[in-house]
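Reviewing the structure listed below.
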Amino acid sequence: MTGLMDMAKEQKGRLAFIALSAFLTGVAIIGQSYLFVVIVDRVFLQGYTFSQVAPYLFWLIAALFARTLFQFLSGRSGIKMASKVKGELRKALLHKFAEHPLQASLQGQSGEKVSVLMDTVDEIDSFFSNYLPQVIQSSMIPLMLLAVIFVEHAATGVIILLSAPFIPIFMVIIGFQTKEKSEEQLDKMAAFSGKFLDTLQGLTTLRLFGRSRDQKEKIQNSSLEFRDATMAVLKTAFMNSLALEFISMLSIGLIALEVAIRMIIFQDLSFFTGFLMLILAPELFTKLKDLGSAFHTGRESMGAAKKLEREMSETAPPVTYGEEPLKKGGPPELQLVSASFSYGREAFTMKNITATIHPKEQVAIVGKTGSGKSTLLHLIAGLVPLSDGEIKINGQPRSNFREKDWFDQLSYISQHPYIFSGTIAENIAIGGRRDATRREIESAGKRAGISELVNSLEKGYDTLIGEGGRGLSGGEKQRVAIARAFLKRPSVILFDEPTTGLDLQTERILQSSIRELAENSTIITVAHRLHTIKNADKILFLDNGQLLASGTHQELLQSVEAYRNMVSVQRGGVGS
C-alpha cells in the first residue's frame, strides 16, 4: 500500500486547487488586515465620516467573504480527496477479504475486521480533510504575512523568526507520541470490537456453559483498555494545545510590548503600522497553531495508515485466472497435477495431490479428521491458491480461464451454508442467474424438497429469514443450499458432507436431491458416512495432507490397510 502522500499526489488537480485557495486566502487576510487598520485609523484618528469610509467597509466585507469562501473550498477539496481515498482503501480491503475468504475467516475476528474496514479507514479522513490543506495553508500564508510584516516593521518580523520555530519543534516531539498512542488505541478498539461481536454471536453457548459472567469481565477489561488508550491520545492532544498556546501568547505579548514601547516611549512608530502588526502577528501564529492541531490529527492518520498497511500486507498470493472463455457444454474433466497448498509456516500443508475426475463421476474424499479433505475441496473450488502444481480443466490449466466462467459452472455446499437475512425466494435466487423467474425459483425449491416447509408458512417463499438462517433448522438450510444448486444447474457440485448431523428423514430427502443433481453434474463429496463412500465411482483417500490411495470402495478395501481400518470403525459405529 502506497503512503498517504503518494495517495494525495495521485489527485494533483485537487492539490493544485488547495494551493491556489491557500494563496488567495493569504491575499484576503492581508487585504482584510489593511482595510481594518485603514478604517480604524481614519475614523478614530483622522475624523473621517461614515460616508467617507463606506467604500473601505464594502471592500472589508468582500475580503472577509473571500477568505471564508476560499477556506470553505479548500476544506471541501480535502474532504473529496479523503472520500476518494477511503473508498479505494475499503475496496482494496474488501477485495483482499473476497480474494482470500478462507484465509480472512481463519485470521482474527469478524468484529476486528469490521473495525479495520470502518473505524481505521475513517481515521485516514483527517489527513486529507484537515492536515493536508492546513499544511499547504501554513506553508504559504505565514510566509506571505511575514513578508508584509518585514516590509512594514522589521523588528516584529525578527521577534517572530526567533519564537515561531519553537512551534514545529513541539509539533514533532508530541507528534511521534501521538502516532504511537494512536496505533495502540486502534489496536485496542479492534480487539474490543472483535471480543464484543464474538461474545454476542456465542451468547447462547456461553449462557448454557455458565461462562457469560467470565466473558462479561473480559469485555469490561477490553473496554477499559480502549478507554485508557483513548485518554492517552487525548492527553497528548491537550499537551500539544497547551504548548502551542503558550508559545503563541508569549510571542504575541513580546510583539505587543515592543510595539507599545516604540509608539509610546520612543514615538518612532505610527499608529497605522503598530496596529497592523498587532493584527497580522496573531493571524500568523493562528495559522501555525492550526498546523500544530492538524499535525496531531495527521499523526493519528499515519498511525491508522500503518495499521492498514500491516493488514494489507498479511495476504496470500491470489488464485490466478486468465481471460480465455470456458464453454459450458456438460461437466468438464478435472485433473489435479501435483497440487500443493500450505496455510503458512508451521501450519497444515497439502502436498502433491494427483488425480483425474471424469465428467459426471461421483467422487468421495475420505480420511481421518485433519487429513485435508476440506482443504482439497477448497483447492478444487478455487477458493485458495495453489502453492505448487496445477489444476486442469479439459486438459488446459484452470489459470487460463476466466474466474466468472469457472464459478458459473460450480456449486459449493458446505456443512453450514450461509443463509442471508431476506426471504426464502431471495436466498434461493442467490444461487442462480440474475434474471431467474419466480417459477424457476419455486421449481428449484420443490426439487430440493423444501416445498413442504414453504407451504406450511403463511407467506410461502416470501417468508423472511433471520440473519445466518435464524428460524431454519440445519436440514432446512441444507435444502435451501441445494435449491440454489438446482436453480444454477452447475456442471460441478462440491459437497462438504452436507448430511452430517441430520435426522434420517431429512438425510433421505437430501440424498434424493443429490442423486437428481448427479444426473447432469460431477459430484465431489467430502464423505464421512459409509453408504456415501460405498456408492462413489472413485474414492480419494487422504492422510496428513497426502493422497494415500485412490480407487473404488472394493479396490481400496483389498489394497489399503488404513482404509480397511477406517471402514471397520464405521461398520462398528453409529454411522453404519
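Residue names in the C-alpha cells use chain letters A, B, ... in the order shown, residue numbers from 1 in each chain, and ligand numbers from 1 in the order shown.
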I want to know what sits within 12 Å of stretch 266-275 of chain A, based on only C-alpha atoms, with residues of the same chain fewer than 4 positions away left out; could you give that as JSON, numbers by chain?
{"A": [33, 34, 35, 36, 37, 38, 39, 40, 41, 42, 44, 45, 46, 148, 149, 150, 151, 152, 153, 154, 155, 156, 255, 256, 257, 258, 259, 260, 261, 262, 279, 280, 281, 282]}
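Counting only C-alpha atoms, the residue from A:Ile509, A:Ile29, A:Leu143, A:Val121 that sits nearest to A:Glu452 is A:Ile509.
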Would you mind listing what lies within 9 Å of A:Arg402 as a list of chain:residue names, with only C-alpha atoms counted and same-chain residues fewer than 4 positions away left out?
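Near neighbours after the sequence-gap exclusion: A:Tyr321, A:Gly322, A:Glu323, A:Glu324, A:Pro325, A:Leu326, A:Arg398, A:Trp406, A:Phe407.
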Run DSSP on the backbone of this structure and report the residues of stretch 399-499 of chain A it assigns to strand (DSSP E), as a VMD selection string.
chain A and resid 410 to 413 422 to 423 464 to 465 492 to 496
Would you mind exporting the chosen residues as an mmCIF file, in the first residue's frame, restricted to all heavy atoms?
```
data_model
loop_
_atom_site.group_PDB
_atom_site.id
_atom_site.type_symbol
_atom_site.label_atom_id
_atom_site.label_comp_id
_atom_site.auth_asym_id
_atom_site.auth_seq_id
_atom_site.Cartn_x
_atom_site.Cartn_y
_atom_site.Cartn_z
ATOM 1 N N LEU A 410 -19.928 -23.975 -11.191
ATOM 2 C CA LEU A 410 -19.611 -24.630 -9.920
ATOM 3 C C LEU A 410 -20.632 -24.274 -8.843
ATOM 4 O O LEU A 410 -21.107 -23.143 -8.762
ATOM 5 C CB LEU A 410 -18.219 -24.156 -9.473
ATOM 6 C CG LEU A 410 -17.646 -24.756 -8.193
ATOM 7 C CD1 LEU A 410 -17.109 -26.150 -8.461
ATOM 8 C CD2 LEU A 410 -16.528 -23.863 -7.656
ATOM 9 N N SER A 411 -20.968 -25.265 -8.021
ATOM 10 C CA SER A 411 -21.725 -25.011 -6.792
ATOM 11 C C SER A 411 -20.980 -25.666 -5.634
ATOM 12 O O SER A 411 -20.438 -26.769 -5.777
ATOM 13 C CB SER A 411 -23.138 -25.592 -6.868
ATOM 14 O OG SER A 411 -24.013 -24.681 -7.485
ATOM 15 N N TYR A 412 -20.950 -24.966 -4.500
ATOM 16 C CA TYR A 412 -20.260 -25.472 -3.311
ATOM 17 C C TYR A 412 -21.265 -25.474 -2.164
ATOM 18 O O TYR A 412 -21.805 -24.420 -1.814
ATOM 19 C CB TYR A 412 -19.059 -24.577 -2.975
ATOM 20 C CG TYR A 412 -18.216 -25.073 -1.818
ATOM 21 C CD1 TYR A 412 -16.981 -25.667 -2.047
ATOM 22 C CD2 TYR A 412 -18.647 -24.959 -0.508
ATOM 23 C CE1 TYR A 412 -16.196 -26.123 -1.001
ATOM 24 C CE2 TYR A 412 -17.882 -25.415 0.548
ATOM 25 C CZ TYR A 412 -16.656 -25.994 0.302
ATOM 26 O OH TYR A 412 -15.898 -26.459 1.340
ATOM 27 N N ILE A 413 -21.503 -26.634 -1.599
ATOM 28 C CA ILE A 413 -22.468 -26.743 -0.495
ATOM 29 C C ILE A 413 -21.722 -27.281 0.723
ATOM 30 O O ILE A 413 -21.275 -28.428 0.735
ATOM 31 C CB ILE A 413 -23.646 -27.666 -0.882
ATOM 32 C CG1 ILE A 413 -24.363 -27.088 -2.105
ATOM 33 C CG2 ILE A 413 -24.621 -27.804 0.287
ATOM 34 C CD1 ILE A 413 -25.424 -27.991 -2.699
ATOM 35 N N GLY A 422 -33.337 -12.165 4.656
ATOM 36 C CA GLY A 422 -34.184 -11.908 3.485
ATOM 37 C C GLY A 422 -35.222 -12.999 3.362
ATOM 38 O O GLY A 422 -35.405 -13.825 4.270
ATOM 39 N N THR A 423 -35.902 -13.060 2.236
ATOM 40 C CA THR A 423 -36.938 -14.074 2.044
ATOM 41 C C THR A 423 -36.308 -15.392 1.588
ATOM 42 O O THR A 423 -35.152 -15.422 1.150
ATOM 43 C CB THR A 423 -37.961 -13.619 0.988
ATOM 44 O OG1 THR A 423 -37.303 -13.521 -0.282
ATOM 45 C CG2 THR A 423 -38.567 -12.272 1.360
ATOM 46 N N LEU A 464 -39.754 -14.139 5.573
ATOM 47 C CA LEU A 464 -38.442 -13.586 5.920
ATOM 48 C C LEU A 464 -37.672 -14.545 6.823
ATOM 49 O O LEU A 464 -38.235 -15.155 7.723
ATOM 50 C CB LEU A 464 -38.614 -12.233 6.633
ATOM 51 C CG LEU A 464 -39.004 -11.046 5.750
ATOM 52 C CD1 LEU A 464 -39.382 -9.852 6.606
ATOM 53 C CD2 LEU A 464 -37.852 -10.673 4.816
ATOM 54 N N ILE A 465 -36.374 -14.665 6.545
ATOM 55 C CA ILE A 465 -35.478 -15.493 7.360
ATOM 56 C C ILE A 465 -34.501 -14.569 8.064
ATOM 57 O O ILE A 465 -34.049 -13.571 7.498
ATOM 58 C CB ILE A 465 -34.685 -16.478 6.471
ATOM 59 C CG1 ILE A 465 -35.636 -17.330 5.631
ATOM 60 C CG2 ILE A 465 -33.794 -17.380 7.304
ATOM 61 C CD1 ILE A 465 -34.928 -18.131 4.567
ATOM 62 N N VAL A 492 -20.292 -28.867 -12.000
ATOM 63 C CA VAL A 492 -19.527 -29.496 -10.919
ATOM 64 C C VAL A 492 -20.129 -29.047 -9.591
ATOM 65 O O VAL A 492 -20.323 -27.841 -9.364
ATOM 66 C CB VAL A 492 -18.033 -29.081 -10.970
ATOM 67 C CG1 VAL A 492 -17.261 -29.724 -9.823
ATOM 68 C CG2 VAL A 492 -17.412 -29.442 -12.313
ATOM 69 N N ILE A 493 -20.437 -30.017 -8.720
ATOM 70 C CA ILE A 493 -21.002 -29.690 -7.396
ATOM 71 C C ILE A 493 -20.097 -30.281 -6.334
ATOM 72 O O ILE A 493 -19.762 -31.472 -6.362
ATOM 73 C CB ILE A 493 -22.434 -30.244 -7.241
ATOM 74 C CG1 ILE A 493 -23.330 -29.751 -8.378
ATOM 75 C CG2 ILE A 493 -23.024 -29.803 -5.898
ATOM 76 C CD1 ILE A 493 -24.731 -30.321 -8.354
ATOM 77 N N LEU A 494 -19.698 -29.420 -5.389
ATOM 78 C CA LEU A 494 -18.837 -29.840 -4.289
ATOM 79 C C LEU A 494 -19.659 -29.871 -3.011
ATOM 80 O O LEU A 494 -20.318 -28.882 -2.658
ATOM 81 C CB LEU A 494 -17.661 -28.863 -4.133
ATOM 82 C CG LEU A 494 -16.855 -28.554 -5.410
ATOM 83 C CD1 LEU A 494 -15.763 -27.539 -5.105
ATOM 84 C CD2 LEU A 494 -16.254 -29.816 -5.997
ATOM 85 N N PHE A 495 -19.626 -30.993 -2.314
ATOM 86 C CA PHE A 495 -20.352 -31.161 -1.047
ATOM 87 C C PHE A 495 -19.354 -31.392 0.083
ATOM 88 O O PHE A 495 -18.509 -32.278 -0.006
ATOM 89 C CB PHE A 495 -21.300 -32.366 -1.107
ATOM 90 C CG PHE A 495 -22.519 -32.160 -1.960
ATOM 91 C CD1 PHE A 495 -22.580 -32.693 -3.244
ATOM 92 C CD2 PHE A 495 -23.602 -31.436 -1.492
ATOM 93 C CE1 PHE A 495 -23.702 -32.517 -4.037
ATOM 94 C CE2 PHE A 495 -24.729 -31.258 -2.278
ATOM 95 C CZ PHE A 495 -24.778 -31.785 -3.558
ATOM 96 N N ASP A 496 -19.465 -30.582 1.128
ATOM 97 C CA ASP A 496 -18.646 -30.831 2.318
ATOM 98 C C ASP A 496 -19.520 -31.584 3.320
ATOM 99 O O ASP A 496 -19.937 -31.030 4.331
ATOM 100 C CB ASP A 496 -18.133 -29.518 2.908
ATOM 101 C CG ASP A 496 -16.990 -29.760 3.897
ATOM 102 O OD1 ASP A 496 -16.771 -30.928 4.255
ATOM 103 O OD2 ASP A 496 -16.341 -28.785 4.302
#
```
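Compared by their closest atoms to A:Lys477, and using only C-alpha atoms, the residues A:Ala305, A:Met189, A:Leu453, A:Leu379 rank with A:Leu453 nearest.
With only C-alpha atoms as the atoms that count, the minimum distance from A:Ile159 to the choices A:Asn221, A:Ser251, A:Ser451, A:Thr199 is reached by A:Ser251.
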Find the residues near A:Thr369: any atom within 12 Å, counting only C-alpha atoms, skip ones fewer than 2 places away on the same chain, and give them as an MDAnalysis selection string.
chainID A and resid 365:367 371:375 526:528 542:545 566
